[in-house]
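Raw work.tsv, TSV, C-alpha atoms:
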```tsv
chain	number	residue	atom	x	y	z
O	29	MET	CA	-23.21	32.49	-11.80
O	30	TRP	CA	-25.45	29.97	-10.05
O	31	ALA	CA	-28.39	31.12	-12.22
O	32	PHE	CA	-26.24	30.67	-15.34
O	33	LEU	CA	-25.18	27.21	-14.18
O	34	GLY	CA	-28.83	26.33	-13.61
O	35	SER	CA	-29.59	27.27	-17.23
O	36	ASP	CA	-26.54	25.33	-18.41
O	37	VAL	CA	-27.90	22.26	-16.59
O	38	MET	CA	-30.93	22.48	-18.92
O	39	PHE	CA	-28.67	23.04	-21.92
O	40	PHE	CA	-26.54	19.94	-21.32
O	41	GLY	CA	-29.56	18.00	-20.09
O	42	ALA	CA	-31.19	18.47	-23.49
O	43	PHE	CA	-28.17	17.04	-25.32
O	44	ILE	CA	-27.72	14.15	-22.88
O	45	SER	CA	-31.43	13.30	-23.22
O	46	THR	CA	-31.15	13.45	-26.99
O	47	TYR	CA	-28.23	11.04	-26.82
O	48	LEU	CA	-30.27	8.66	-24.63
O	49	VAL	CA	-33.39	8.90	-26.80
O	50	TYR	CA	-31.38	7.87	-29.87
O	51	ARG	CA	-29.13	5.39	-28.02
O	52	GLY	CA	-28.95	2.06	-29.84
O	53	LYS	CA	-30.84	3.36	-32.89
O	54	SER	CA	-27.93	3.62	-35.33
O	55	LEU	CA	-28.55	1.65	-38.49
O	56	VAL	CA	-24.92	1.56	-39.59
O	57	GLY	CA	-21.63	1.33	-37.69
O	58	PRO	CA	-19.30	2.06	-36.09
O	59	TYR	CA	-21.19	1.27	-32.90
O	60	PRO	CA	-20.15	2.36	-29.36
O	61	SER	CA	-18.81	-1.07	-28.33
O	62	GLU	CA	-16.54	-1.08	-31.38
O	63	ILE	CA	-15.03	2.34	-30.93
O	64	LEU	CA	-15.10	3.73	-27.37
O	65	ASN	CA	-11.78	3.45	-25.56
O	66	ILE	CA	-12.53	3.30	-21.83
O	67	PRO	CA	-8.93	3.18	-20.48
O	68	ILE	CA	-7.93	6.34	-22.36
O	69	THR	CA	-11.10	8.20	-21.42
O	70	SER	CA	-10.66	7.14	-17.78
O	71	VAL	CA	-7.27	8.87	-17.75
O	72	SER	CA	-8.73	12.06	-19.24
O	73	THR	CA	-11.57	11.92	-16.69
O	74	PHE	CA	-9.01	11.63	-13.90
O	75	VAL	CA	-7.12	14.62	-15.35
O	76	LEU	CA	-10.28	16.77	-15.36
O	77	LEU	CA	-11.16	15.74	-11.79
O	78	MET	CA	-7.68	16.68	-10.61
O	79	SER	CA	-8.00	20.04	-12.38
O	80	SER	CA	-10.99	20.71	-10.12
O	81	LEU	CA	-8.81	19.93	-7.11
O	82	ALA	CA	-6.15	22.33	-8.44
O	83	MET	CA	-8.85	24.98	-8.93
O	84	VAL	CA	-10.06	24.83	-5.36
O	85	LEU	CA	-6.47	24.89	-4.05
O	86	GLY	CA	-5.70	27.91	-6.24
O	87	LEU	CA	-8.74	29.74	-4.88
O	88	HIS	CA	-7.77	28.88	-1.31
O	89	TYR	CA	-4.23	30.27	-1.70
O	90	VAL	CA	-5.40	33.42	-3.52
O	91	LYS	CA	-7.86	34.08	-0.67
O	92	GLU	CA	-5.05	33.53	1.83
O	93	GLY	CA	-2.91	36.07	-0.01
O	94	GLU	CA	-0.26	33.50	-1.02
O	95	LYS	CA	0.25	34.87	-4.51
O	96	ASN	CA	2.86	32.43	-5.84
O	97	LYS	CA	1.04	29.30	-4.70
O	98	GLY	CA	-2.24	30.72	-6.02
O	99	THR	CA	-0.70	31.44	-9.44
O	100	LEU	CA	0.92	28.02	-9.55
O	101	TRP	CA	-2.31	26.14	-8.88
O	102	ILE	CA	-4.26	28.24	-11.42
O	103	LEU	CA	-1.56	27.38	-13.96
O	104	VAL	CA	-1.98	23.70	-13.06
O	105	VAL	CA	-5.68	24.10	-13.94
O	106	VAL	CA	-4.70	25.56	-17.32
O	107	VAL	CA	-2.27	22.70	-17.99
O	108	LEU	CA	-4.66	19.93	-16.92
O	109	GLY	CA	-7.51	21.51	-18.90
O	110	SER	CA	-5.27	21.64	-21.97
O	111	VAL	CA	-4.24	18.00	-21.45
O	112	PHE	CA	-7.92	17.05	-21.32
O	113	MET	CA	-8.52	18.93	-24.58
O	114	GLY	CA	-5.54	17.11	-26.08
O	115	PHE	CA	-7.11	13.77	-25.14
O	116	GLN	CA	-10.38	14.84	-26.76
O	117	PHE	CA	-8.62	15.97	-29.92
O	118	VAL	CA	-6.79	12.64	-30.21
O	119	GLU	CA	-10.03	10.74	-29.54
O	120	PHE	CA	-11.95	12.67	-32.21
O	121	ARG	CA	-9.15	12.14	-34.74
O	122	GLU	CA	-9.02	8.43	-33.94
O	123	PHE	CA	-12.80	8.11	-34.35
O	124	ALA	CA	-12.67	9.93	-37.69
O	125	HIS	CA	-9.89	7.58	-38.74
O	126	LEU	CA	-12.12	4.60	-37.84
O	127	GLY	CA	-14.97	6.06	-39.86
O	128	LEU	CA	-17.09	7.77	-37.21
O	129	THR	CA	-17.99	11.39	-37.94
O	130	PRO	CA	-21.09	13.44	-37.01
O	131	ARG	CA	-22.59	12.44	-40.39
O	132	THR	CA	-21.93	8.69	-40.16
O	133	ASN	CA	-24.84	7.61	-37.97
O	134	ILE	CA	-27.10	8.81	-35.16
O	135	PHE	CA	-24.54	7.73	-32.54
O	136	GLY	CA	-21.88	9.88	-34.24
O	137	THR	CA	-24.21	12.88	-34.45
O	138	THR	CA	-25.33	12.82	-30.81
O	139	PHE	CA	-21.87	11.85	-29.49
O	140	PHE	CA	-19.93	14.57	-31.30
O	141	ILE	CA	-22.47	17.31	-30.55
O	142	LEU	CA	-22.54	16.53	-26.81
O	143	THR	CA	-18.82	15.99	-26.27
O	144	GLY	CA	-17.96	18.80	-28.70
O	145	ILE	CA	-20.08	21.34	-26.82
O	146	HIS	CA	-18.52	20.16	-23.56
O	147	GLY	CA	-15.08	20.57	-25.17
O	148	ALA	CA	-16.02	24.12	-26.18
O	149	HIS	CA	-16.91	24.85	-22.56
O	150	VAL	CA	-13.53	23.46	-21.42
O	151	THR	CA	-11.73	25.59	-24.01
O	152	ILE	CA	-13.48	28.74	-22.78
O	153	GLY	CA	-12.57	27.74	-19.22
O	154	VAL	CA	-8.90	27.21	-20.10
O	155	ILE	CA	-8.69	30.66	-21.74
O	156	TRP	CA	-10.46	32.24	-18.75
O	157	MET	CA	-8.07	30.52	-16.31
O	158	ALA	CA	-5.04	31.59	-18.35
O	159	PHE	CA	-6.15	35.23	-18.00
O	160	LEU	CA	-6.67	34.75	-14.26
O	161	ALA	CA	-3.24	33.10	-13.86
O	162	TYR	CA	-1.71	36.15	-15.56
O	163	SER	CA	-3.75	38.47	-13.30
O	164	SER	CA	-2.58	36.58	-10.23
O	165	HIS	CA	1.03	36.69	-11.41
O	166	ASN	CA	1.04	40.47	-11.92
O	167	GLY	CA	-0.83	41.14	-8.69
O	168	ALA	CA	-4.18	42.18	-10.16
O	169	LEU	CA	-5.89	39.18	-8.53
O	170	ARG	CA	-5.80	39.63	-4.77
O	171	PRO	CA	-7.67	38.35	-1.70
O	172	ASP	CA	-10.04	41.34	-1.83
O	173	ASN	CA	-11.18	40.56	-5.39
O	174	ALA	CA	-10.83	36.76	-5.24
O	175	LEU	CA	-14.53	36.61	-6.11
O	176	ASP	CA	-13.45	36.86	-9.77
O	177	LEU	CA	-11.56	33.57	-9.39
O	178	GLU	CA	-14.36	32.05	-7.33
O	179	ILE	CA	-16.87	32.68	-10.13
O	180	ALA	CA	-14.50	31.25	-12.74
O	181	GLY	CA	-13.98	28.28	-10.40
O	182	LEU	CA	-17.72	27.61	-10.23
O	183	TYR	CA	-17.79	27.49	-14.02
O	184	TRP	CA	-14.80	25.14	-14.09
O	185	HIS	CA	-16.27	22.76	-11.50
O	186	PHE	CA	-19.55	22.75	-13.42
O	187	VAL	CA	-17.71	21.66	-16.57
O	188	ASP	CA	-16.21	18.89	-14.44
O	189	ILE	CA	-19.57	17.63	-13.12
O	190	VAL	CA	-21.03	17.63	-16.63
O	191	TRP	CA	-18.15	15.38	-17.65
O	192	ILE	CA	-18.85	13.10	-14.67
O	193	VAL	CA	-22.32	12.52	-16.15
O	194	ILE	CA	-21.06	12.19	-19.74
O	195	PHE	CA	-18.36	9.71	-18.71
O	196	THR	CA	-20.91	7.52	-16.96
O	197	VAL	CA	-23.75	7.73	-19.47
O	198	ILE	CA	-21.90	7.77	-22.79
O	199	TYR	CA	-18.73	5.88	-22.03
O	200	LEU	CA	-19.24	3.40	-19.20
O	201	ILE	CA	-22.88	2.55	-19.92
O	202	SER	CA	-22.97	2.88	-23.71
O	203	ALA	CA	-19.62	1.16	-24.27
O	204	ASN	CA	-21.50	-2.14	-23.99
O	205	ASP	CA	-23.91	-1.18	-26.79
O	206	ALA	CA	-23.14	-3.81	-29.40
O	207	PRO	CA	-24.20	-3.72	-33.04
O	208	PRO	CA	-27.48	-5.41	-33.93
O	209	PRO	CA	-26.90	-9.11	-34.75
O	210	GLY	CA	-25.25	-9.55	-38.12
O	211	MET	CA	-24.39	-5.85	-38.42
O	212	GLU	CA	-20.79	-5.80	-37.08
O	213	SER	CA	-19.02	-3.11	-39.04
O	214	ILE	CA	-15.32	-2.52	-38.39
O	215	THR	CA	-12.06	-3.01	-38.28
O	216	HIS	CA	-9.93	-3.29	-35.14
U	21	MET	CA	-37.78	14.95	13.00
U	22	ALA	CA	-36.10	18.30	12.31
U	23	SER	CA	-34.08	17.89	15.46
U	24	LEU	CA	-32.93	14.40	14.44
U	25	TRP	CA	-31.92	15.69	10.99
U	26	ARG	CA	-29.96	18.51	12.61
U	27	LYS	CA	-28.19	16.06	14.89
U	28	LEU	CA	-27.27	13.90	11.93
U	29	THR	CA	-26.03	16.61	9.61
U	30	HIS	CA	-24.96	19.63	11.64
U	31	HIS	CA	-22.69	20.15	14.52
U	32	ASP	CA	-24.23	21.08	17.82
U	33	GLY	CA	-21.33	19.67	19.73
U	34	ASN	CA	-22.42	16.07	19.33
U	35	GLY	CA	-23.10	15.61	15.63
U	36	TRP	CA	-22.72	12.05	14.42
U	37	TRP	CA	-21.72	12.92	10.88
U	38	ASN	CA	-20.39	16.40	10.78
U	39	LEU	CA	-18.90	17.66	7.56
U	40	PRO	CA	-17.77	21.29	7.50
U	41	HIS	CA	-20.30	23.90	6.55
U	42	THR	CA	-18.63	27.09	7.69
U	43	ALA	CA	-16.65	29.19	5.22
U	44	SER	CA	-12.93	29.43	5.86
U	45	ASN	CA	-13.02	33.21	6.31
U	46	GLU	CA	-15.42	32.88	9.25
U	47	PRO	CA	-14.31	32.23	12.84
U	48	ASN	CA	-13.62	28.64	13.79
U	49	PRO	CA	-16.77	27.03	15.10
U	50	PRO	CA	-16.34	24.64	18.00
U	51	TYR	CA	-16.40	20.94	17.18
U	52	GLU	CA	-16.52	21.42	13.42
U	53	GLY	CA	-13.82	19.49	11.64
U	54	PRO	CA	-13.03	18.78	8.01
U	55	ILE	CA	-14.57	15.41	8.54
U	56	GLY	CA	-16.77	14.34	11.35
U	57	GLY	CA	-17.96	15.88	14.56
U	58	ALA	CA	-17.40	14.10	17.79
U	59	TRP	CA	-15.44	10.92	17.05
U	60	LEU	CA	-14.60	11.28	13.34
U	61	GLY	CA	-13.42	14.85	13.87
U	62	ASN	CA	-11.15	13.72	16.68
U	63	ILE	CA	-9.57	11.09	14.44
U	64	TRP	CA	-8.97	13.80	11.85
U	65	ARG	CA	-7.36	16.12	14.43
U	66	ILE	CA	-5.07	13.32	15.60
U	67	LEU	CA	-4.06	12.53	12.01
U	68	THR	CA	-3.39	16.16	11.12
U	69	HIS	CA	-1.82	17.07	14.48
U	70	GLY	CA	-4.42	19.43	15.58
U	71	SER	CA	-5.89	22.67	14.70
U	72	VAL	CA	-7.56	22.09	11.36
U	73	SER	CA	-11.10	23.26	11.84
U	74	HIS	CA	-12.15	24.43	8.42
U	75	ALA	CA	-12.15	22.97	4.95
U	76	GLY	CA	-8.63	23.75	3.80
U	77	PRO	CA	-6.03	22.15	1.49
U	78	SER	CA	-5.89	18.89	3.50
U	79	PHE	CA	-9.63	18.48	3.22
U	80	TYR	CA	-9.62	19.33	-0.49
U	81	TRP	CA	-6.91	16.71	-1.10
U	82	LEU	CA	-9.06	14.22	0.78
U	83	VAL	CA	-12.06	15.02	-1.43
U	84	GLY	CA	-9.80	14.72	-4.52
U	85	LEU	CA	-8.61	11.30	-3.32
U	86	PHE	CA	-12.22	10.24	-2.75
U	87	LEU	CA	-13.14	11.30	-6.32
U	88	ALA	CA	-10.14	9.47	-7.77
U	89	ILE	CA	-10.98	6.27	-5.88
U	90	ILE	CA	-14.60	6.39	-7.11
U	91	THR	CA	-13.39	6.84	-10.69
U	92	LEU	CA	-11.10	3.83	-10.29
U	93	LEU	CA	-14.03	1.87	-8.89
U	94	GLU	CA	-16.18	2.81	-11.90
U	95	VAL	CA	-13.51	1.66	-14.34
U	96	TRP	CA	-13.03	-1.55	-12.36
U	97	LEU	CA	-16.80	-2.20	-12.49
U	98	PHE	CA	-16.66	-1.77	-16.26
U	99	GLY	CA	-14.40	-4.81	-16.46
U	100	VAL	CA	-16.35	-6.99	-14.02
U	101	GLU	CA	-18.36	-9.76	-15.62
U	102	GLY	CA	-21.75	-10.90	-14.39
U	103	LEU	CA	-23.07	-7.74	-12.74
U	104	GLY	CA	-26.13	-7.97	-14.97
U	105	SER	CA	-28.87	-5.54	-14.07
U	106	TRP	CA	-26.78	-4.19	-11.15
U	107	TYR	CA	-24.24	-2.59	-13.49
U	108	ILE	CA	-26.12	0.60	-14.45
U	109	PRO	CA	-27.58	1.38	-10.98
U	110	LEU	CA	-24.13	0.91	-9.40
U	111	LEU	CA	-22.54	3.27	-11.94
U	112	LEU	CA	-25.28	5.85	-11.42
U	113	ILE	CA	-24.80	5.74	-7.63
U	114	LEU	CA	-21.02	6.18	-7.95
U	115	SER	CA	-21.51	8.99	-10.45
U	116	LEU	CA	-23.96	10.69	-8.07
U	117	LEU	CA	-21.41	10.47	-5.24
U	118	LYS	CA	-18.81	12.21	-7.39
U	119	PHE	CA	-21.33	14.81	-8.50
U	120	VAL	CA	-22.31	15.61	-4.90
U	121	GLY	CA	-18.65	15.67	-3.78
U	122	VAL	CA	-17.71	18.28	-6.38
U	123	VAL	CA	-20.85	20.41	-5.97
U	124	ALA	CA	-20.88	20.38	-2.16
U	125	PHE	CA	-17.19	20.90	-1.43
U	126	PHE	CA	-15.32	22.12	-4.52
U	127	MET	CA	-18.18	24.40	-5.57
U	128	HIS	CA	-18.61	25.14	-1.84
U	129	LEU	CA	-22.39	24.98	-2.09
U	130	ARG	CA	-22.35	23.55	1.42
U	131	PHE	CA	-20.69	26.71	2.71
U	132	ASP	CA	-22.81	29.19	0.72
U	133	HIS	CA	-26.17	30.83	1.21
U	134	ARG	CA	-29.07	28.40	1.07
U	135	LEU	CA	-30.59	30.40	-1.82
U	136	PHE	CA	-27.83	29.14	-4.15
U	137	THR	CA	-28.58	25.55	-3.17
U	138	TYR	CA	-32.27	26.09	-3.91
U	139	LEU	CA	-31.46	27.83	-7.23
U	140	PHE	CA	-29.16	25.08	-8.50
U	141	GLY	CA	-31.17	22.28	-6.90
U	142	SER	CA	-34.46	23.44	-8.45
U	143	ALA	CA	-32.82	23.64	-11.90
U	144	MET	CA	-31.59	20.07	-11.41
U	145	VAL	CA	-35.01	18.83	-10.28
U	146	VAL	CA	-36.92	20.57	-13.11
U	147	GLY	CA	-34.31	19.42	-15.66
U	148	ILE	CA	-34.33	15.79	-14.51
U	149	PHE	CA	-38.16	15.80	-14.44
U	150	ILE	CA	-38.48	17.20	-17.99
U	151	PHE	CA	-35.83	14.93	-19.45
U	152	THR	CA	-37.24	11.85	-17.72
U	153	LEU	CA	-40.60	12.69	-19.32
U	154	VAL	CA	-38.90	13.02	-22.71
U	155	LEU	CA	-37.25	9.63	-22.30
U	156	LEU	CA	-40.52	7.99	-21.17
U	157	LEU	CA	-42.44	9.54	-24.06
U	158	SER	CA	-39.86	8.40	-26.57
U	159	GLU	CA	-40.02	4.90	-25.13
U	160	PHE	CA	-43.75	4.46	-24.57
U	161	GLY	CA	-45.44	7.39	-26.30
U	162	HIS	CA	-45.76	5.99	-29.83
U	163	GLN	CA	-49.24	6.04	-31.30
U	164	SER	CA	-50.38	2.64	-32.40
U	165	PRO	CA	-51.62	2.49	-36.00
U	166	ASN	CA	-55.36	2.31	-36.45
```
If you convert what's in this file into structure tokens, what do you get?
Amino acid sequence: MWAFLGSDVMFFGAFISTYLVYRGKSLVGPYPSEILNIPITSVSTFVLLMSSLAMVLGLHYVKEGEKNKGTLWILVVVVLGSVFMGFQFVEFREFAHLGLTPRTNIFGTTFFILTGIHGAHVTIGVIWMAFLAYSSHNGALRPDNALDLEIAGLYWHFVDIVWIVIFTVIYLISANDAPPPGMESITH
Amino acid sequence: MASLWRKLTHHDGNGWWNLPHTASNEPNPPYEGPIGGAWLGNIWRILTHGSVSHAGPSFYWLVGLFLAIITLLEVWLFGVEGLGSWYIPLLLILSLLKFVGVVAFFMHLRFDHRLFTYLFGSAMVVGIFIFTLVLLLSEFGHQSPN
């Protein structure tokens, strides 16, 4: 799993670099400062961070043989991961409503590809965790094979740290990227 | 130098800054607390009434609180006027703290075999090196017209 995560670092690194290379090069709006909603994304970031906490607690209780607590915390991961996906769905819909799609400008292309691929990773993680919650509930996941959950947990935490970088680079830093003078485009 | 580093980062009974690095399924090592060795560990034991020697739920909640506070700090910085050229470096430092917190303790890299640290760390180093080159080339690598 660590080798896979190492390769995934390269994978996401390529998309983050692409975003940075083309940052500020959009010729038409909407531009980041006009469209990014930092308060909402901060909440979804907090939700994903707390899902990592739930993950590590779930693993701890499964290893300790406390089946019910282990199942509960894995379910919390599933719920928080789904809430995060809900936030992303609402954000994408809002952006489309405001006129930003992957075809609108270079910001839209790089933004949607990067966050969309991250969202796909989260979706895979949520499905994986749902299976593991079911396994824990019916007793198939036990302390002696908790490595299955540990490996899934590594994947989940990795998705979390990728978001830590995306949140900083795309949202907090790029949210100040204003349109070129005289090019203000939309609509709030 | 190696001895000083060990004193700073590992417990030998008198570590100054002694975060846990023993897996919870191993026997309790002496003087190793969820946070701190000598004095910080004692504060932790007083707060938790005693026998917490490994990274367990209390420690994970503490790391979660730490991550939440850093996120709040980042969002607060976003609204602060006049940080100027300090804004991006400050955000990158806070982001790095969160990154290290999750990788070291939630992904338990600190408790695992060193090989995993080298594997993941080398991917990070190679990745950051390549992508920094890409960014520098895109910024400064344009050919000037003849």
If you count only C-alpha atoms, which residues fall within 8 Å of Ile63 in chain O, apart from same-chain ones fewer than 4 positions away, as a tab-separated table (two decimals) with C-alpha atoms, in the coordinates of the input?
```
chain	number	residue	atom	x	y	z
O	58	PRO	CA	-19.30	2.06	-36.09
O	59	TYR	CA	-21.19	1.27	-32.90
O	123	PHE	CA	-12.80	8.11	-34.35
O	126	LEU	CA	-12.12	4.60	-37.84
```
- Message: For a quick test of understanding: name the residues of chain U lying within 9 Å of chain O when counting all atoms listed in the file, and present them as a ChimeraX atom specification.
- Response: /U:44-45,76-77,80-81,83-84,87-88,91-92,94-95,98,107-108,111-112,115-116,118-120,122-123,126-128,136-137,139-144,146-148,151-152,154-155,158-159
- Query: Mind pulling up the distance from CA of Leu160 in chain O to CA of Asp176 in chain O?
  - Reply: 8.4 Å
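Selection around (-14.1, 14.1, -35.5) with radius 12 Å, counting all atoms listed in the file, yields the residues Gln116, Phe117, Val118, Glu119, Phe120, Arg121, Glu122, Phe123, Ala124, His125, Leu126, Gly127, Leu128, Thr129, Pro130, Arg131, Thr132, Gly136, Thr137, Phe139, Phe140, Ile141, Thr143 and Gly144 of chain O.
Our summary of the geometry notes that CA of Ile68 in chain O is positioned 8.0 Å from CA of Phe115 in chain O.
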- Message: I'd like the interatomic distance between CA of Phe79 in chain U and CA of Ala124 in chain U, to a tenth of an Å.
- Response: 12.6 Å
- Message: I'd like the contact shell of Val150 in chain O - 9 Å cut-off, all atoms listed in the file, skipping same-chain residues fewer than 5 positions apart - returned as a ChimeraX atom specification.
- Response: /O:109-110,112-113,145,155,184,187-188
- Point out the residue among O:Leu103, O:Gly52, O:Pro171, O:Ala206 with the least atom-to-atom distance to Trp156 in chain O, counting only C-alpha atoms. O:Leu103
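Proximity of O:Ile198, O:Ile134, O:Leu142, O:His165 to Ser54 in chain O, computed with only C-alpha atoms, is greatest for O:Ile134.
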